[in-house]
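Enquirer: Compact mmCIF, C-alpha atoms, saved as protein00.txt, coming up:
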```txt
# COMPACT_ATOMS: atom_id res chain seq x y z
CA MET B 1 0.00 0.00 0.00
CA LEU B 2 2.81 2.42 0.86
CA ALA B 3 4.56 1.70 -2.44
CA ARG B 4 1.35 2.36 -4.39
CA THR B 5 0.84 5.67 -2.58
CA VAL B 6 4.43 6.77 -3.21
CA ASN B 7 4.19 5.78 -6.88
CA ALA B 8 0.88 7.63 -7.27
CA LEU B 9 2.34 10.79 -5.71
CA ALA B 10 5.49 10.53 -7.78
CA GLY B 11 3.47 10.17 -10.97
CA ILE B 12 1.76 13.55 -10.62
CA SER B 13 4.70 15.67 -11.80
CA PRO B 14 8.49 15.46 -12.21
CA ALA B 15 9.00 18.00 -9.42
CA LEU B 16 6.79 16.03 -7.06
CA ARG B 17 8.59 12.82 -8.08
CA ARG B 18 11.93 14.38 -7.09
CA ALA B 19 10.51 15.59 -3.77
CA VAL B 20 8.97 12.20 -2.98
CA THR B 21 12.18 10.39 -3.94
CA ARG B 22 14.35 12.73 -1.87
CA THR B 23 12.02 12.36 1.13
CA TRP B 24 11.93 8.58 0.77
CA TYR B 25 15.73 8.30 0.68
CA GLN B 26 16.09 10.59 3.68
CA TYR B 27 13.58 8.43 5.55
CA LEU B 28 15.57 5.28 4.72
CA VAL B 29 18.82 6.92 5.84
CA GLY B 30 17.12 7.88 9.10
CA LEU B 31 16.27 4.23 9.74
CA ASP B 32 19.96 3.30 9.47
CA ARG B 33 21.01 4.44 12.92
CA ASP B 34 24.26 2.43 12.81
CA ASN B 35 25.35 3.97 9.47
CA ASP B 36 25.53 0.48 8.02
CA MET B 37 23.87 1.25 4.68
CA LEU B 38 26.66 1.72 2.15
CA PHE B 39 24.50 1.35 -0.96
CA MET B 40 21.02 2.48 -1.87
CA ASN B 41 20.45 0.48 -5.02
CA TYR B 42 18.61 -2.73 -5.79
CA GLY B 43 21.71 -4.51 -7.03
CA TYR B 44 22.41 -6.66 -10.05
CA VAL B 45 22.89 -10.35 -10.70
CA ASP B 46 24.08 -11.79 -14.01
CA LEU B 47 21.72 -14.59 -14.99
CA ASP B 48 24.32 -16.12 -17.33
CA PRO B 49 25.57 -19.23 -15.47
CA SER B 50 28.93 -19.03 -17.28
CA ALA B 51 29.58 -15.41 -16.20
CA GLN B 52 32.56 -14.82 -13.95
CA PRO B 53 31.51 -13.51 -10.53
CA THR B 54 32.82 -10.12 -9.46
CA GLU B 55 35.83 -10.53 -7.17
CA LEU B 56 35.11 -9.16 -3.71
CA SER B 57 36.86 -9.15 -0.37
CA ALA B 58 35.24 -11.16 2.40
CA ARG B 59 34.05 -7.98 4.13
CA ASP B 60 32.33 -6.74 0.95
CA GLU B 61 30.59 -10.03 0.23
CA ARG B 62 27.45 -8.93 2.07
CA TYR B 63 27.11 -6.09 -0.45
CA ARG B 64 27.66 -8.36 -3.47
CA TYR B 65 24.56 -7.45 -5.47
CA CYS B 66 24.93 -3.72 -4.90
CA VAL B 67 28.62 -3.78 -5.88
CA GLN B 68 27.79 -5.89 -8.93
CA LEU B 69 25.43 -3.18 -10.17
CA TYR B 70 28.25 -0.63 -10.15
CA HIS B 71 30.61 -3.14 -11.74
CA HIS B 72 28.10 -3.96 -14.48
CA VAL B 73 27.30 -0.33 -15.33
CA ALA B 74 30.78 1.17 -14.99
CA GLY B 75 32.41 -1.85 -16.63
CA ALA B 76 30.46 -1.25 -19.83
CA VAL B 77 32.81 1.59 -20.87
CA ASP B 78 36.51 2.37 -20.56
CA LEU B 79 36.88 4.79 -17.64
CA HIS B 80 40.69 4.83 -17.64
CA GLY B 81 41.95 8.36 -16.99
CA MET B 82 38.46 9.71 -16.39
CA ASP B 83 36.76 11.17 -13.33
CA VAL B 84 33.38 9.63 -12.53
CA LEU B 85 30.64 11.21 -10.47
CA GLU B 86 27.74 9.08 -9.28
```
Let's see the structure in the file written out as structure tokens.
Expert:
Amino acid sequence: MLARTVNALAGISPALRRAVTRTWYQYLVGLDRDNDMLFMNYGYVDLDPSAQPTELSARDERYRYCVQLYHHVAGAVDLHGMDVLE
């Protein structure tokens, strides 16, 4: 029900969508009292069984899907010598 309400509000106008999105993210950050949330994306998994998994350290393994999204998107182009802003 909450998701439907948020989507309905966000669909009214682009400005309202930005305001709803900003408010929603701030709400989620407020829930993370231990500052444990490093990523705010849904993540990515390659459905190709022959795909090589992204190499991660043991401490980053819990963020695998979120890291894989960055790896998938940023790995699609050569970023050597470039500055990247999220």
Enquirer: For Met37 in chain B, work out the shell of residues within 12 Å, counting all atoms listed in the file and skipping chain neighbours fewer than 4 positions away, then give it as a short mmCIF file (atom, residue, chain, number, x, y, z; two decimals) with C-alpha atoms, in the frame of the given file.
Expert:
```cif
data_model
loop_
_atom_site.label_atom_id
_atom_site.label_comp_id
_atom_site.auth_asym_id
_atom_site.auth_seq_id
_atom_site.Cartn_x
_atom_site.Cartn_y
_atom_site.Cartn_z
CA TYR B 25 15.73 8.30 0.68
CA LEU B 28 15.57 5.28 4.72
CA VAL B 29 18.82 6.92 5.84
CA GLY B 30 17.12 7.88 9.10
CA LEU B 31 16.27 4.23 9.74
CA ASP B 32 19.96 3.30 9.47
CA ARG B 33 21.01 4.44 12.92
CA ASN B 41 20.45 0.48 -5.02
CA ARG B 62 27.45 -8.93 2.07
CA TYR B 63 27.11 -6.09 -0.45
CA CYS B 66 24.93 -3.72 -4.90
#
```
Enquirer: At what distance in Å, to one decimal, does CA of Asp36 in chain B lie from CA of Glu61 in chain B?
Expert: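 Going from CA of Glu61 in chain B over to CA of Asp36 in chain B covers 14.0 Å.
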Enquirer: Just give me the gap between CA of Ala19 in chain B and CA of Met40 in chain B in Å, one decimal is fine.
Expert: 16.9 Å
Enquirer: Take CA of Asn35 in chain B and CA of Leu79 in chain B and report the distance between them in Å, one decimal.
Expert: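 Computing the Euclidean distance for CA of Asn35 in chain B and CA of Leu79 in chain B yields 29.5 Å.
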Enquirer: Can you pull out every residue within 12 Å of range 44-60 of chain B, counting only C-alpha atoms, but drop anything in the same chain fewer than 5 positions away, and send it as an mmCIF file with C-alpha atoms, in the coordinates of the input?
Expert:
```cif
data_model
loop_
_atom_site.group_PDB
_atom_site.id
_atom_site.type_symbol
_atom_site.label_atom_id
_atom_site.label_comp_id
_atom_site.auth_asym_id
_atom_site.auth_seq_id
_atom_site.Cartn_x
_atom_site.Cartn_y
_atom_site.Cartn_z
ATOM 1 C CA LEU B 38 26.660 1.720 2.150
ATOM 2 C CA PHE B 39 24.500 1.350 -0.960
ATOM 3 C CA TYR B 65 24.560 -7.450 -5.470
ATOM 4 C CA CYS B 66 24.930 -3.720 -4.900
ATOM 5 C CA VAL B 67 28.620 -3.780 -5.880
ATOM 6 C CA GLN B 68 27.790 -5.890 -8.930
ATOM 7 C CA LEU B 69 25.430 -3.180 -10.170
ATOM 8 C CA TYR B 70 28.250 -0.630 -10.150
ATOM 9 C CA HIS B 71 30.610 -3.140 -11.740
ATOM 10 C CA HIS B 72 28.100 -3.960 -14.480
ATOM 11 C CA VAL B 73 27.300 -0.330 -15.330
ATOM 12 C CA GLY B 75 32.410 -1.850 -16.630
#
```
Enquirer: Around all the atoms of range 25-30 of chain B listed in the file, draw an axis-aligned box and extend it by 6 Å on each of the six sides; I want its centre and edge lengths in Å to one decimal, as lines of an AutoDock Vina configuration file.
Expert:
```
center_x = 16.2
center_y = 7.9
center_z = 4.9
size_x = 17.2
size_y = 17.3
size_z = 20.4
```
Enquirer: Skipping near chain neighbours, those fewer than 5 positions away, what residues fall within 12 Å of Val20 in chain B using all atoms listed in the file, listed as a list in words?
Expert: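 Close residues of Val20 in chain B: Ala3, Thr5, Val6, Asn7, Ala8, Leu9, Ala10, Gly11, Ile12, Ser13, Pro14, Ala15, Tyr25, Gln26 and Tyr27 of chain B.
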